[in-house]
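To start, the structure under review is shown below, and the notes come after it.
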Amino acid sequence: MIIDVLIVLVVVGAAWVGFQRGLVQPLLAELFALITLLIILHNRSAFVAATDALFHLGAVLAVVVALILAGLVGYLGARVGGSIHRMPVVRGVDGFLGVWLQALFGIAICYLLISGIIVTNRAFASLSAATVNATQLRSVERQLSGNAFTSTVLDGHDAQTANARAARPGGVQLAEVPGLGALQTVTRDILYPQLAGSRLAPFVMNVGHRIPGLGAFTSRDLPRRT
């Protein structure tokens with residue numbers, strides 16, 4: 001299954017990075033890059049407009065720019081972490097903890113991704129039609145905001161525009177709301193069925209929900225295998 005392969009790649013890859021580089025250096029690189037991407041995603045309309053105005057790039061190339069920018073910020077975090085890693089007082093402990101805590105960090109990332117799939121499926125499962133009114137749209141937005149990854153599907157400008165259209169008589173087609181229509185299709189047709197067949201997802205959820213502040217989902221919230 002795709003999700004199981006992804007879990008193995010993320011967790012084993014994180015542990016290998018921890019073995020090679022310790023804890024602090026890769027952790028700072030990952031946090032710097034992840035925070036940068038989340039900020040860009042949360043303000044993606046403004047970011048796309050800015051890149052188009054400065055470089056005359058479309059939305060697709062703006063994604064490339066976002067990844068490059070996140071990589072550069074992550075590199076800055078790695079440089080800072082490398083300076084800390086080279087300090088004799090932390091080198092031994094940093095190397096030992098790196099393998100285990102980086103593997104745990106990989107599990108945390110997988111936990112958030114799987115939680116995002118669960119949240120997304122629940123948000124859209126409550127809708128009985130392709131057309132939604134303002135109340136239904138706000139309910140979907142509120143549920144999606146509960147996860148670090150799904151909270152960035154709609155930025156402020158998109159949400160405001162979509163809510164204004166949904167408040168009109170007849171509501172708005174969910175497929176016409178930027179991000180939501182595609183997210184519903186991908187979750188319903190690909191991600192949720194894959195999650196139902198995953199053998200590693202229960203382990204990730206049972207470990208991840210014990211990490212403070214990460215979430216309350218457990219293996220009981222996963223879809224049953226068919």
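Ordering of the structure tokens sets the chain letters (A, B, ...); residue numbers start at 1 within each chain; ligands are numbered from 1 in the order shown.
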
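Running DSSP on the backbone and keeping only strand (DSSP E), the residues of chain A that qualify are A:Thr131, A:Val132, A:Val172, A:Gln173.
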
Wanna dump the region 105-167 of chain A-region 195-205 of chain A contacts at 8 Å for me, each residue with its shortest atom pair and the distance in Å to one decimal, counting only C-alpha atoms, ordered by chain and number, as CSV?
residue,atom,partner,partner_atom,distance
A:Ile107,CA,A:Val204,CA,6.0
A:Ala108,CA,A:Val204,CA,7.9
A:Cys110,CA,A:Val204,CA,7.0
A:Tyr111,CA,A:Met205,CA,5.9
A:Ile114,CA,A:Ala201,CA,7.6

Output file for the residues above (C-alpha atoms, as a PDB file, in the first residue's frame):
ATOM      1  CA  ILE A 107       6.263   8.980  13.245  1.00  0.00           C
ATOM      2  CA  ALA A 108       4.866  12.359  14.327  1.00  0.00           C
ATOM      3  CA  CYS A 110       3.098  10.420   9.583  1.00  0.00           C
ATOM      4  CA  TYR A 111       0.619  10.800  12.456  1.00  0.00           C
ATOM      5  CA  ILE A 114      -2.934  10.330   8.667  1.00  0.00           C
TER       6      ILE A 114
END

Can you pull out every residue within 12 Å of Val172 (chain A), counting only C-alpha atoms, but drop anything in the same chain fewer than 6 positions away, and send it as a PyMOL selection string?
-> chain A and resi 129-137+161-166+178+180-181

Write out the residues from the selection above, keeping C-alpha atoms, as a short mmCIF file (atom, residue, chain, number, x, y, z; two decimals), in the first residue's frame.
data_model
loop_
_atom_site.label_atom_id
_atom_site.label_comp_id
_atom_site.auth_asym_id
_atom_site.auth_seq_id
_atom_site.Cartn_x
_atom_site.Cartn_y
_atom_site.Cartn_z
CA ALA A 129 -24.91 17.20 -1.61
CA ALA A 130 -22.32 18.78 -3.88
CA THR A 131 -23.80 22.23 -3.15
CA VAL A 132 -23.18 23.73 0.28
CA ASN A 133 -24.55 26.75 2.11
CA ALA A 134 -22.60 29.11 4.34
CA THR A 135 -23.26 27.11 7.51
CA GLN A 136 -22.07 23.85 5.94
CA LEU A 137 -19.00 25.49 4.46
CA THR A 161 -14.72 34.70 -0.99
CA ALA A 162 -16.13 31.18 -0.66
CA ASN A 163 -18.25 32.08 2.37
CA ALA A 164 -19.66 35.10 0.57
CA ARG A 165 -20.68 32.93 -2.40
CA ALA A 166 -22.12 30.22 -0.14
CA PRO A 178 -10.42 26.55 -4.43
CA LEU A 180 -11.79 21.94 -1.28
CA GLY A 181 -13.18 20.22 -4.37
#

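The nearest approach to Ile2 (chain A) among the residues A:Leu222, A:Val177, A:Leu72, A:Ile190, with only C-alpha atoms taken into account, belongs to A:Ile190.
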
Which of these, A:Ile109, A:Ile117, A:Ile3, A:Ala182, has the shortest distance to His209 (chain A) once you count only C-alpha atoms?
->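 Residue with the minimum atom-to-atom distance to His209 (chain A): A:Ile109.
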